[in-house]
$ cat query_32.tsv   # TSV, N, CA and C atoms
chain	number	residue	atom	x	y	z
A	331	MET	N	8.39	-3.19	-89.42
A	331	MET	CA	9.15	-3.06	-88.19
A	331	MET	C	9.10	-1.63	-87.67
A	332	ALA	N	9.16	-0.66	-88.55
A	332	ALA	CA	9.09	0.73	-88.14
A	332	ALA	C	7.73	1.04	-87.51
A	333	ALA	N	6.68	0.41	-88.00
A	333	ALA	CA	5.35	0.63	-87.44
A	333	ALA	C	5.28	0.15	-86.00
A	334	GLN	N	5.94	-0.97	-85.70
A	334	GLN	CA	5.94	-1.47	-84.33
A	334	GLN	C	6.64	-0.51	-83.39
A	335	SER	N	7.78	0.02	-83.79
A	335	SER	CA	8.50	0.91	-82.90
A	335	SER	C	7.75	2.23	-82.73
A	336	LEU	N	7.04	2.67	-83.77
A	336	LEU	CA	6.23	3.87	-83.63
A	336	LEU	C	5.06	3.62	-82.67
A	337	ALA	N	4.44	2.45	-82.78
A	337	ALA	CA	3.32	2.12	-81.92
A	337	ALA	C	3.75	2.09	-80.45
A	338	ARG	N	4.95	1.70	-80.19
A	338	ARG	CA	5.40	1.59	-78.81
A	338	ARG	C	5.77	2.95	-78.21
A	339	THR	N	5.89	3.97	-79.00
A	339	THR	CA	6.26	5.27	-78.47
A	339	THR	C	5.06	6.21	-78.37
A	340	THR	N	3.85	5.68	-78.53
A	340	THR	CA	2.67	6.52	-78.38
A	340	THR	C	2.50	6.87	-76.90
A	341	PRO	N	1.82	7.97	-76.62
A	341	PRO	CA	1.59	8.32	-75.21
A	341	PRO	C	0.87	7.21	-74.43
A	342	GLU	N	-0.07	6.53	-75.08
A	342	GLU	CA	-0.77	5.44	-74.40
A	342	GLU	C	0.18	4.30	-74.06
A	343	ALA	N	1.05	3.93	-75.00
A	343	ALA	CA	2.02	2.86	-74.75
A	343	ALA	C	2.99	3.27	-73.65
A	344	ASP	N	3.38	4.53	-73.63
A	344	ASP	CA	4.27	5.02	-72.57
A	344	ASP	C	3.58	4.94	-71.20
A	345	GLN	N	2.29	5.24	-71.15
A	345	GLN	CA	1.55	5.16	-69.89
A	345	GLN	C	1.44	3.71	-69.42
A	346	VAL	N	1.18	2.80	-70.35
A	346	VAL	CA	1.09	1.38	-70.00
A	346	VAL	C	2.44	0.90	-69.48
A	347	SER	N	3.51	1.29	-70.17
A	347	SER	CA	4.85	0.89	-69.75
A	347	SER	C	5.19	1.45	-68.37
A	348	ALA	N	4.83	2.71	-68.12
A	348	ALA	CA	5.09	3.32	-66.81
A	348	ALA	C	4.31	2.61	-65.72
A	349	LEU	N	3.07	2.24	-66.00
A	349	LEU	CA	2.25	1.52	-65.02
A	349	LEU	C	2.84	0.14	-64.75
A	350	HIS	N	3.20	-0.57	-65.80
A	350	HIS	CA	3.78	-1.91	-65.65
A	350	HIS	C	5.08	-1.85	-64.85
A	351	ASN	N	5.94	-0.89	-65.17
A	351	ASN	CA	7.21	-0.74	-64.44
A	351	ASN	C	6.97	-0.38	-62.98
A	352	LEU	N	5.98	0.46	-62.72
A	352	LEU	CA	5.65	0.83	-61.33
A	352	LEU	C	5.19	-0.40	-60.55
A	353	VAL	N	4.36	-1.22	-61.17
A	353	VAL	CA	3.88	-2.44	-60.50
A	353	VAL	C	5.06	-3.34	-60.15
A	354	LEU	N	5.92	-3.60	-61.13
A	354	LEU	CA	7.05	-4.50	-60.90
A	354	LEU	C	8.01	-3.95	-59.85
A	355	SER	N	8.31	-2.66	-59.90
A	355	SER	CA	9.25	-2.10	-58.92
A	355	SER	C	8.63	-2.05	-57.52
A	356	SER	N	7.34	-1.78	-57.44
A	356	SER	CA	6.66	-1.76	-56.14
A	356	SER	C	6.68	-3.14	-55.50
A	357	LEU	N	6.38	-4.16	-56.30
A	357	LEU	CA	6.39	-5.53	-55.77
A	357	LEU	C	7.80	-5.95	-55.36
A	358	GLU	N	8.79	-5.54	-56.13
A	358	GLU	CA	10.18	-5.86	-55.77
A	358	GLU	C	10.56	-5.16	-54.46
A	359	ASP	N	10.18	-3.88	-54.33
A	359	ASP	CA	10.48	-3.13	-53.11
A	359	ASP	C	9.84	-3.77	-51.88
A	360	ASP	N	8.65	-4.34	-52.08
A	360	ASP	CA	7.92	-4.95	-50.96
A	360	ASP	C	8.20	-6.44	-50.79
A	361	GLN	N	9.25	-6.91	-51.47
A	361	GLN	CA	9.75	-8.28	-51.33
A	361	GLN	C	8.72	-9.35	-51.70
A	362	ALA	N	7.98	-9.09	-52.78
A	362	ALA	CA	7.09	-10.13	-53.31
A	362	ALA	C	7.94	-11.30	-53.77
A	363	ILE	N	7.37	-12.49	-53.72
A	363	ILE	CA	8.11	-13.67	-54.16
A	363	ILE	C	7.45	-14.23	-55.43
A	364	GLU	N	8.31	-14.83	-56.27
A	364	GLU	CA	7.85	-15.50	-57.50
A	364	GLU	C	7.00	-14.58	-58.37
A	365	THR	N	7.47	-13.36	-58.63
A	365	THR	CA	6.73	-12.43	-59.48
A	365	THR	C	6.85	-12.85	-60.93
A	366	VAL	N	5.70	-12.93	-61.61
A	366	VAL	CA	5.65	-13.30	-63.02
A	366	VAL	C	4.83	-12.24	-63.74
A	367	SER	N	5.33	-11.78	-64.88
A	367	SER	CA	4.57	-10.86	-65.71
A	367	SER	C	4.22	-11.56	-67.01
A	368	ILE	N	2.94	-11.63	-67.30
A	368	ILE	CA	2.46	-12.32	-68.50
A	368	ILE	C	1.99	-11.27	-69.50
A	369	PRO	N	2.64	-11.20	-70.67
A	369	PRO	CA	2.19	-10.24	-71.69
A	369	PRO	C	0.88	-10.70	-72.31
A	370	LEU	N	-0.14	-9.84	-72.29
A	370	LEU	CA	-1.44	-10.19	-72.84
A	370	LEU	C	-1.77	-9.42	-74.11
A	371	GLU	N	-0.95	-8.44	-74.44
A	371	GLU	CA	-1.22	-7.62	-75.63
A	371	GLU	C	-1.33	-8.52	-76.86
A	372	GLY	N	-2.44	-8.40	-77.56
A	372	GLY	CA	-2.67	-9.23	-78.74
A	372	GLY	C	-3.28	-10.58	-78.42
A	373	LYS	N	-3.31	-10.98	-77.13
A	373	LYS	CA	-3.88	-12.27	-76.72
A	373	LYS	C	-5.24	-12.09	-76.06
A	374	SER	N	-5.43	-10.95	-75.44
A	374	SER	CA	-6.66	-10.69	-74.70
A	374	SER	C	-6.95	-9.20	-74.70
A	375	SER	N	-8.23	-8.87	-74.66
A	375	SER	CA	-8.61	-7.46	-74.61
A	375	SER	C	-8.76	-6.96	-73.18
A	376	ILE	N	-8.56	-7.82	-72.19
A	376	ILE	CA	-8.77	-7.40	-70.81
A	376	ILE	C	-7.66	-6.49	-70.29
A	377	ALA	N	-6.44	-6.68	-70.78
A	377	ALA	CA	-5.31	-5.88	-70.31
A	377	ALA	C	-4.11	-6.15	-71.21
A	378	ASP	N	-3.06	-5.34	-71.06
A	378	ASP	CA	-1.82	-5.57	-71.79
A	378	ASP	C	-0.85	-6.46	-71.01
A	379	HIS	N	-0.97	-6.44	-69.67
A	379	HIS	CA	-0.09	-7.24	-68.82
A	379	HIS	C	-0.87	-7.80	-67.65
A	380	MET	N	-0.52	-9.01	-67.25
A	380	MET	CA	-1.02	-9.60	-66.01
A	380	MET	C	0.20	-9.92	-65.16
A	381	VAL	N	0.21	-9.40	-63.96
A	381	VAL	CA	1.32	-9.64	-63.04
A	381	VAL	C	0.80	-10.49	-61.89
A	382	ILE	N	1.52	-11.57	-61.61
A	382	ILE	CA	1.15	-12.49	-60.53
A	382	ILE	C	2.33	-12.57	-59.57
A	383	ALA	N	2.04	-12.42	-58.28
A	383	ALA	CA	3.10	-12.50	-57.28
A	383	ALA	C	2.53	-13.06	-55.99
A	384	SER	N	3.42	-13.50	-55.13
A	384	SER	CA	3.01	-14.05	-53.84
A	384	SER	C	3.63	-13.25	-52.70
A	385	GLY	N	2.93	-13.29	-51.57
A	385	GLY	CA	3.45	-12.78	-50.32
A	385	GLY	C	3.51	-13.93	-49.34
A	386	ARG	N	4.33	-13.81	-48.34
A	386	ARG	CA	4.53	-14.91	-47.40
A	386	ARG	C	3.37	-15.12	-46.44
A	387	SER	N	2.53	-14.09	-46.28
A	387	SER	CA	1.42	-14.16	-45.33
A	387	SER	C	0.30	-13.24	-45.81
A	388	THR	N	-0.87	-13.37	-45.18
A	388	THR	CA	-1.97	-12.47	-45.54
A	388	THR	C	-1.59	-11.02	-45.22
A	389	ARG	N	-0.84	-10.82	-44.16
A	389	ARG	CA	-0.42	-9.46	-43.80
A	389	ARG	C	0.47	-8.86	-44.89
A	390	GLN	N	1.42	-9.65	-45.41
A	390	GLN	CA	2.29	-9.13	-46.46
A	390	GLN	C	1.50	-8.88	-47.75
A	391	VAL	N	0.59	-9.80	-48.10
A	391	VAL	CA	-0.22	-9.62	-49.31
A	391	VAL	C	-1.03	-8.32	-49.19
A	392	ALA	N	-1.67	-8.11	-48.05
A	392	ALA	CA	-2.47	-6.90	-47.85
A	392	ALA	C	-1.60	-5.65	-47.92
A	393	SER	N	-0.44	-5.69	-47.30
A	393	SER	CA	0.47	-4.54	-47.30
A	393	SER	C	0.96	-4.21	-48.71
A	394	MET	N	1.35	-5.26	-49.46
A	394	MET	CA	1.81	-5.03	-50.84
A	394	MET	C	0.69	-4.41	-51.67
A	395	ALA	N	-0.53	-4.91	-51.50
A	395	ALA	CA	-1.66	-4.40	-52.27
A	395	ALA	C	-1.94	-2.94	-51.93
A	396	GLN	N	-1.98	-2.62	-50.65
A	396	GLN	CA	-2.27	-1.25	-50.23
A	396	GLN	C	-1.20	-0.28	-50.72
A	397	LYS	N	0.06	-0.65	-50.59
A	397	LYS	CA	1.14	0.22	-51.05
A	397	LYS	C	1.10	0.40	-52.57
A	398	LEU	N	0.81	-0.68	-53.29
A	398	LEU	CA	0.75	-0.59	-54.74
A	398	LEU	C	-0.38	0.34	-55.18
A	399	VAL	N	-1.54	0.22	-54.58
A	399	VAL	CA	-2.67	1.09	-54.91
A	399	VAL	C	-2.32	2.55	-54.62
A	400	GLU	N	-1.67	2.81	-53.48
A	400	GLU	CA	-1.26	4.18	-53.13
A	400	GLU	C	-0.26	4.73	-54.14
A	401	ARG	N	0.70	3.90	-54.56
A	401	ARG	CA	1.70	4.35	-55.53
A	401	ARG	C	1.07	4.63	-56.89
A	402	MET	N	0.14	3.78	-57.32
A	402	MET	CA	-0.53	4.00	-58.60
A	402	MET	C	-1.29	5.32	-58.59
A	403	LYS	N	-1.97	5.60	-57.48
A	403	LYS	CA	-2.73	6.84	-57.37
A	403	LYS	C	-1.80	8.05	-57.25
A	404	GLY	N	-0.79	7.93	-56.38
A	404	GLY	CA	0.10	9.06	-56.12
A	404	GLY	C	1.02	9.40	-57.28
A	405	GLU	N	1.59	8.39	-57.92
A	405	GLU	CA	2.58	8.63	-58.96
A	405	GLU	C	1.98	8.75	-60.36
A	406	LEU	N	0.87	8.04	-60.60
A	406	LEU	CA	0.31	8.02	-61.95
A	406	LEU	C	-1.13	8.54	-62.01
A	407	GLY	N	-1.70	8.86	-60.86
A	407	GLY	CA	-3.07	9.36	-60.83
A	407	GLY	C	-4.10	8.31	-61.22
A	408	ARG	N	-3.76	7.05	-61.06
A	408	ARG	CA	-4.65	5.94	-61.46
A	408	ARG	C	-5.62	5.59	-60.35
A	409	GLN	N	-6.90	5.52	-60.68
A	409	GLN	CA	-7.90	4.95	-59.78
A	409	GLN	C	-8.04	3.49	-60.18
A	410	VAL	N	-7.97	2.59	-59.24
A	410	VAL	CA	-8.00	1.16	-59.54
A	410	VAL	C	-9.10	0.48	-58.74
A	411	ARG	N	-9.51	-0.68	-59.20
A	411	ARG	CA	-10.45	-1.51	-58.46
A	411	ARG	C	-9.67	-2.57	-57.71
A	412	VAL	N	-10.05	-2.79	-56.46
A	412	VAL	CA	-9.37	-3.78	-55.63
A	412	VAL	C	-10.41	-4.73	-55.06
A	413	GLU	N	-10.13	-6.01	-55.17
A	413	GLU	CA	-11.02	-7.02	-54.60
A	413	GLU	C	-10.19	-8.00	-53.77
A	414	GLY	N	-10.79	-8.46	-52.67
A	414	GLY	CA	-10.15	-9.48	-51.84
A	414	GLY	C	-9.26	-8.95	-50.75
A	415	LEU	N	-9.21	-7.65	-50.56
A	415	LEU	CA	-8.29	-7.08	-49.57
A	415	LEU	C	-8.61	-7.48	-48.13
A	416	PRO	N	-9.87	-7.55	-47.71
A	416	PRO	CA	-10.12	-7.90	-46.31
A	416	PRO	C	-9.53	-9.26	-45.90
A	417	ALA	N	-9.68	-10.28	-46.73
A	417	ALA	CA	-9.14	-11.60	-46.39
A	417	ALA	C	-7.67	-11.71	-46.77
A	418	ALA	N	-7.28	-11.08	-47.87
A	418	ALA	CA	-5.89	-11.02	-48.36
A	418	ALA	C	-5.27	-12.38	-48.65
A	419	ASP	N	-6.10	-13.38	-48.97
A	419	ASP	CA	-5.56	-14.64	-49.48
A	419	ASP	C	-5.21	-14.47	-50.96
A	420	TRP	N	-6.07	-13.73	-51.65
A	420	TRP	CA	-5.91	-13.43	-53.08
A	420	TRP	C	-6.47	-12.03	-53.28
A	421	VAL	N	-5.61	-11.10	-53.65
A	421	VAL	CA	-6.04	-9.73	-53.91
A	421	VAL	C	-5.88	-9.45	-55.40
A	422	LEU	N	-6.95	-8.94	-55.99
A	422	LEU	CA	-6.96	-8.56	-57.40
A	422	LEU	C	-6.95	-7.05	-57.48
A	423	ILE	N	-5.99	-6.51	-58.22
A	423	ILE	CA	-5.92	-5.07	-58.47
A	423	ILE	C	-6.07	-4.87	-59.97
A	424	ASP	N	-7.17	-4.24	-60.36
A	424	ASP	CA	-7.45	-3.99	-61.77
A	424	ASP	C	-7.15	-2.53	-62.07
A	425	ALA	N	-6.01	-2.31	-62.74
A	425	ALA	CA	-5.61	-0.95	-63.10
A	425	ALA	C	-5.86	-0.68	-64.58
A	426	GLY	N	-6.72	-1.47	-65.18
A	426	GLY	CA	-7.04	-1.28	-66.59
A	426	GLY	C	-6.07	-2.00	-67.50
A	427	ASP	N	-4.96	-1.38	-67.80
A	427	ASP	CA	-3.97	-1.95	-68.70
A	427	ASP	C	-3.11	-3.02	-68.04
A	428	VAL	N	-3.06	-3.01	-66.73
A	428	VAL	CA	-2.30	-4.01	-65.97
A	428	VAL	C	-3.20	-4.57	-64.88
A	429	ILE	N	-3.28	-5.88	-64.84
A	429	ILE	CA	-4.04	-6.56	-63.79
A	429	ILE	C	-3.04	-7.28	-62.90
A	430	VAL	N	-3.19	-7.10	-61.60
A	430	VAL	CA	-2.25	-7.67	-60.64
A	430	VAL	C	-3.00	-8.65	-59.73
A	431	HIS	N	-2.44	-9.84	-59.59
A	431	HIS	CA	-2.96	-10.85	-58.68
A	431	HIS	C	-1.89	-11.09	-57.61
A	432	LEU	N	-2.25	-10.88	-56.36
A	432	LEU	CA	-1.34	-11.13	-55.24
A	432	LEU	C	-1.94	-12.24	-54.39
A	433	PHE	N	-1.13	-13.26	-54.12
A	433	PHE	CA	-1.60	-14.46	-53.44
A	433	PHE	C	-0.74	-14.82	-52.26
A	434	ARG	N	-1.34	-15.59	-51.33
A	434	ARG	CA	-0.55	-16.41	-50.44
A	434	ARG	C	-0.13	-17.61	-51.28
A	435	PRO	N	1.06	-18.20	-51.05
A	435	PRO	CA	1.56	-19.27	-51.91
A	435	PRO	C	0.60	-20.44	-52.09
A	436	GLU	N	-0.08	-20.87	-51.01
A	436	GLU	CA	-0.98	-22.02	-51.12
A	436	GLU	C	-2.16	-21.72	-52.03
A	437	VAL	N	-2.68	-20.52	-51.95
A	437	VAL	CA	-3.82	-20.12	-52.78
A	437	VAL	C	-3.38	-19.99	-54.24
A	438	ARG	N	-2.20	-19.44	-54.46
A	438	ARG	CA	-1.67	-19.30	-55.81
A	438	ARG	C	-1.49	-20.67	-56.47
A	439	SER	N	-0.96	-21.60	-55.73
A	439	SER	CA	-0.74	-22.95	-56.25
A	439	SER	C	-2.08	-23.61	-56.60
A	440	PHE	N	-3.10	-23.39	-55.78
A	440	PHE	CA	-4.41	-23.98	-56.01
A	440	PHE	C	-5.04	-23.46	-57.30
A	441	TYR	N	-5.03	-22.14	-57.51
A	441	TYR	CA	-5.68	-21.55	-58.69
A	441	TYR	C	-4.83	-21.64	-59.94
A	442	ASN	N	-3.52	-21.61	-59.79
A	442	ASN	CA	-2.57	-21.83	-60.89
A	442	ASN	C	-2.90	-21.01	-62.15
A	443	LEU	N	-2.99	-19.69	-62.00
A	443	LEU	CA	-3.30	-18.82	-63.13
A	443	LEU	C	-2.27	-18.90	-64.24
A	444	GLU	N	-1.01	-19.17	-63.88
A	444	GLU	CA	0.02	-19.27	-64.91
A	444	GLU	C	-0.33	-20.36	-65.92
A	445	ARG	N	-0.82	-21.49	-65.44
A	445	ARG	CA	-1.18	-22.57	-66.35
A	445	ARG	C	-2.39	-22.19	-67.20
A	446	MET	N	-3.34	-21.50	-66.60
A	446	MET	CA	-4.53	-21.08	-67.33
A	446	MET	C	-4.16	-20.20	-68.51
A	447	TRP	N	-3.14	-19.37	-68.34
A	447	TRP	CA	-2.68	-18.48	-69.41
A	447	TRP	C	-1.53	-19.10	-70.19
A	448	ALA	N	-1.31	-20.41	-70.02
A	448	ALA	CA	-0.28	-21.16	-70.75
A	448	ALA	C	1.09	-20.54	-70.58
A	449	PHE	N	1.42	-20.22	-69.33
A	449	PHE	CA	2.70	-19.58	-69.04
A	449	PHE	C	3.51	-20.41	-68.06
A	450	GLY	N	3.23	-21.69	-67.96
A	450	GLY	CA	3.97	-22.54	-67.03
A	450	GLY	C	3.13	-22.88	-65.83
A	451	GLU	N	3.78	-23.37	-64.82
A	451	GLU	CA	3.11	-23.79	-63.59
A	451	GLU	C	3.34	-22.78	-62.48
A	452	ALA	N	2.38	-22.66	-61.60
A	452	ALA	CA	2.56	-21.83	-60.42
A	452	ALA	C	3.60	-22.49	-59.52
A	453	PRO	N	4.39	-21.69	-58.83
A	453	PRO	CA	5.35	-22.28	-57.91
A	453	PRO	C	4.63	-23.03	-56.80
A	454	SER	N	5.22	-24.11	-56.36
A	454	SER	CA	4.66	-24.88	-55.26
A	454	SER	C	4.83	-24.12	-53.97
A	455	PRO	N	3.84	-24.21	-53.08
A	455	PRO	CA	4.01	-23.53	-51.79
A	455	PRO	C	5.13	-24.18	-51.00
A	456	PRO	N	5.78	-23.41	-50.14
A	456	PRO	CA	6.85	-24.00	-49.33
A	456	PRO	C	6.28	-25.08	-48.41
A	457	ASN	N	7.06	-26.13	-48.22
A	457	ASN	CA	6.65	-27.22	-47.35
A	457	ASN	C	7.22	-26.98	-45.97
A	458	PRO	N	6.38	-26.66	-44.98
A	458	PRO	CA	6.89	-26.37	-43.63
A	458	PRO	C	7.64	-27.54	-43.01
A	459	ALA	N	7.36	-28.77	-43.43
A	459	ALA	CA	8.03	-29.93	-42.85
A	459	ALA	C	9.51	-29.97	-43.24
A	460	HIS	N	9.87	-29.32	-44.36
A	460	HIS	CA	11.25	-29.31	-44.82
A	460	HIS	C	11.97	-28.01	-44.48
A	461	ALA	N	11.34	-27.14	-43.73
A	461	ALA	CA	11.97	-25.86	-43.41
A	461	ALA	C	12.92	-25.97	-42.26

$ encode --input "query_32.tsv" --output "structure tokens"
Amino acid sequence: MAAQSLARTTPEADQVSALHNLVLSSLEDDQAIETVSIPLEGKSSIADHMVIASGRSTRQVASMAQKLVERMKGELGRQVRVEGLPAADWVLIDAGDVIVHLFRPEVRSFYNLERMWAFGEAPSPPNPAHA
């Protein structure tokens, strides 16, 4: 047990934690909906965390992605890879230790990454007929 707590206080673990917290707070500030954080440490070598969230429109998805990338660079000096920004139906932000997927609700429901990672079901998109 002592080894686990020591491992979590390494500079690398602190950097991962700071990045993960920045992602979550940025998405909360930008009113992301249905944010889910999936812990990948020990399950996959691709990253320690995968964060999945939705925006209400392509404009909101694009805005959240752009602000998040700016915050990662400005606050943590992180250079990240971004894919899907022009269409903004699904934007992938690869920050190394944390991978972020931002979706429009319909696209998120279609791909259902939560199920792929055995973390439950993606939220259903809102039904405009019941609004």

$ atom_distance --input "query_32.tsv" --atom1 "CA of Met394 (chain A)" --atom2 "CA of Asp360 (chain A)"
6.1 Å

$ residues_around --input "query_32.tsv" --residues "Met402 (chain A)" --least-positions-apart "6" --cutoff "12 Å" --atoms "only C-alpha atoms" --output "PyMOL selection string"
chain A and resi 345-346+348-356+395-396+408-411+423-426+428+430

$ atom_distance --input "query_32.tsv" --atom1 "CA of Ile363 (chain A)" --atom2 "atom C of Leu422 (chain A)"
16.8 Å

$ atom_distance --input "query_32.tsv" --atom1 "CA of Gly372 (chain A)" --atom2 "CA of Ser439 (chain A)"
26.4 Å

$ closest_residue --input "query_32.tsv" --among "A:Leu398, A:Trp447, A:Pro341, A:Ala362" --to "Ala383 (chain A)" --atoms "all atoms listed in the file"
A:Ala362

$ residues_around --input "query_32.tsv" --residues "Thr365 (chain A)" --least-positions-apart "4" --cutoff "8 Å" --atoms "all atoms listed in the file" --output "compact mmCIF listing (two decimals) with N, CA and C atoms, in the coordinates of the input"
# COMPACT_ATOMS: atom_id res chain seq x y z
N LEU A 357 6.38 -4.16 -56.30
CA LEU A 357 6.39 -5.53 -55.77
C LEU A 357 7.80 -5.95 -55.36
N GLU A 358 8.79 -5.54 -56.13
CA GLU A 358 10.18 -5.86 -55.77
C GLU A 358 10.56 -5.16 -54.46
N VAL A 381 0.21 -9.40 -63.96
CA VAL A 381 1.32 -9.64 -63.04
C VAL A 381 0.80 -10.49 -61.89
N ILE A 382 1.52 -11.57 -61.61
CA ILE A 382 1.15 -12.49 -60.53
C ILE A 382 2.33 -12.57 -59.57
N ALA A 383 2.04 -12.42 -58.28
CA ALA A 383 3.10 -12.50 -57.28
C ALA A 383 2.53 -13.06 -55.99
N SER A 384 3.42 -13.50 -55.13
CA SER A 384 3.01 -14.05 -53.84
C SER A 384 3.63 -13.25 -52.70

$ select_by_dssp --input "query_32.tsv" --residues "chain A" --states "helix (DSSP H, G or I)" --output "number ranges by chain"
A: 332-338, 341-359, 388-406, 435-441, 443-446, 458-460

$ decode --input "query_32.tsv" --residues "region 346-358 of chain A" --atoms "N, CA, C and O atoms" --output "PDB file, in the first residue's frame"
ATOM      1  N   VAL A 346       0.176  14.171 -14.668  1.00  0.00           N
ATOM      2  CA  VAL A 346      -1.006  13.512 -15.227  1.00  0.00           C
ATOM      3  C   VAL A 346      -2.251  13.982 -14.487  1.00  0.00           C
ATOM      4  O   VAL A 346      -3.269  14.303 -15.098  1.00  0.00           O
ATOM      5  N   SER A 347      -2.169  14.046 -13.165  1.00  0.00           N
ATOM      6  CA  SER A 347      -3.304  14.497 -12.360  1.00  0.00           C
ATOM      7  C   SER A 347      -3.670  15.947 -12.689  1.00  0.00           C
ATOM      8  O   SER A 347      -4.849  16.284 -12.824  1.00  0.00           O
ATOM      9  N   ALA A 348      -2.667  16.805 -12.844  1.00  0.00           N
ATOM     10  CA  ALA A 348      -2.922  18.210 -13.183  1.00  0.00           C
ATOM     11  C   ALA A 348      -3.581  18.322 -14.555  1.00  0.00           C
ATOM     12  O   ALA A 348      -4.527  19.102 -14.740  1.00  0.00           O
ATOM     13  N   LEU A 349      -3.122  17.521 -15.513  1.00  0.00           N
ATOM     14  CA  LEU A 349      -3.710  17.530 -16.856  1.00  0.00           C
ATOM     15  C   LEU A 349      -5.156  17.041 -16.806  1.00  0.00           C
ATOM     16  O   LEU A 349      -6.048  17.672 -17.375  1.00  0.00           O
ATOM     17  N   HIS A 350      -5.385  15.945 -16.110  1.00  0.00           N
ATOM     18  CA  HIS A 350      -6.734  15.384 -15.995  1.00  0.00           C
ATOM     19  C   HIS A 350      -7.683  16.382 -15.334  1.00  0.00           C
ATOM     20  O   HIS A 350      -8.798  16.612 -15.814  1.00  0.00           O
ATOM     21  N   ASN A 351      -7.232  17.011 -14.254  1.00  0.00           N
ATOM     22  CA  ASN A 351      -8.062  18.007 -13.555  1.00  0.00           C
ATOM     23  C   ASN A 351      -8.343  19.216 -14.438  1.00  0.00           C
ATOM     24  O   ASN A 351      -9.451  19.754 -14.428  1.00  0.00           O
ATOM     25  N   LEU A 352      -7.346  19.638 -15.218  1.00  0.00           N
ATOM     26  CA  LEU A 352      -7.540  20.765 -16.135  1.00  0.00           C
ATOM     27  C   LEU A 352      -8.596  20.432 -17.183  1.00  0.00           C
ATOM     28  O   LEU A 352      -9.466  21.242 -17.481  1.00  0.00           O
ATOM     29  N   VAL A 353      -8.531  19.219 -17.726  1.00  0.00           N
ATOM     30  CA  VAL A 353      -9.518  18.794 -18.727  1.00  0.00           C
ATOM     31  C   VAL A 353     -10.919  18.831 -18.130  1.00  0.00           C
ATOM     32  O   VAL A 353     -11.837  19.416 -18.706  1.00  0.00           O
ATOM     33  N   LEU A 354     -11.085  18.220 -16.971  1.00  0.00           N
ATOM     34  CA  LEU A 354     -12.414  18.159 -16.346  1.00  0.00           C
ATOM     35  C   LEU A 354     -12.938  19.542 -15.990  1.00  0.00           C
ATOM     36  O   LEU A 354     -14.111  19.846 -16.232  1.00  0.00           O
ATOM     37  N   SER A 355     -12.092  20.406 -15.442  1.00  0.00           N
ATOM     38  CA  SER A 355     -12.569  21.742 -15.060  1.00  0.00           C
ATOM     39  C   SER A 355     -12.865  22.594 -16.292  1.00  0.00           C
ATOM     40  O   SER A 355     -13.832  23.359 -16.305  1.00  0.00           O
ATOM     41  N   SER A 356     -12.076  22.442 -17.344  1.00  0.00           N
ATOM     42  CA  SER A 356     -12.319  23.193 -18.574  1.00  0.00           C
ATOM     43  C   SER A 356     -13.657  22.792 -19.192  1.00  0.00           C
ATOM     44  O   SER A 356     -14.447  23.651 -19.598  1.00  0.00           O
ATOM     45  N   LEU A 357     -13.913  21.489 -19.236  1.00  0.00           N
ATOM     46  CA  LEU A 357     -15.187  21.023 -19.802  1.00  0.00           C
ATOM     47  C   LEU A 357     -16.367  21.468 -18.945  1.00  0.00           C
ATOM     48  O   LEU A 357     -17.413  21.843 -19.475  1.00  0.00           O
ATOM     49  N   GLU A 358     -16.190  21.463 -17.637  1.00  0.00           N
ATOM     50  CA  GLU A 358     -17.258  21.942 -16.752  1.00  0.00           C
ATOM     51  C   GLU A 358     -17.505  23.433 -16.975  1.00  0.00           C
ATOM     52  O   GLU A 358     -18.650  23.866 -17.089  1.00  0.00           O
TER      53      GLU A 358
END
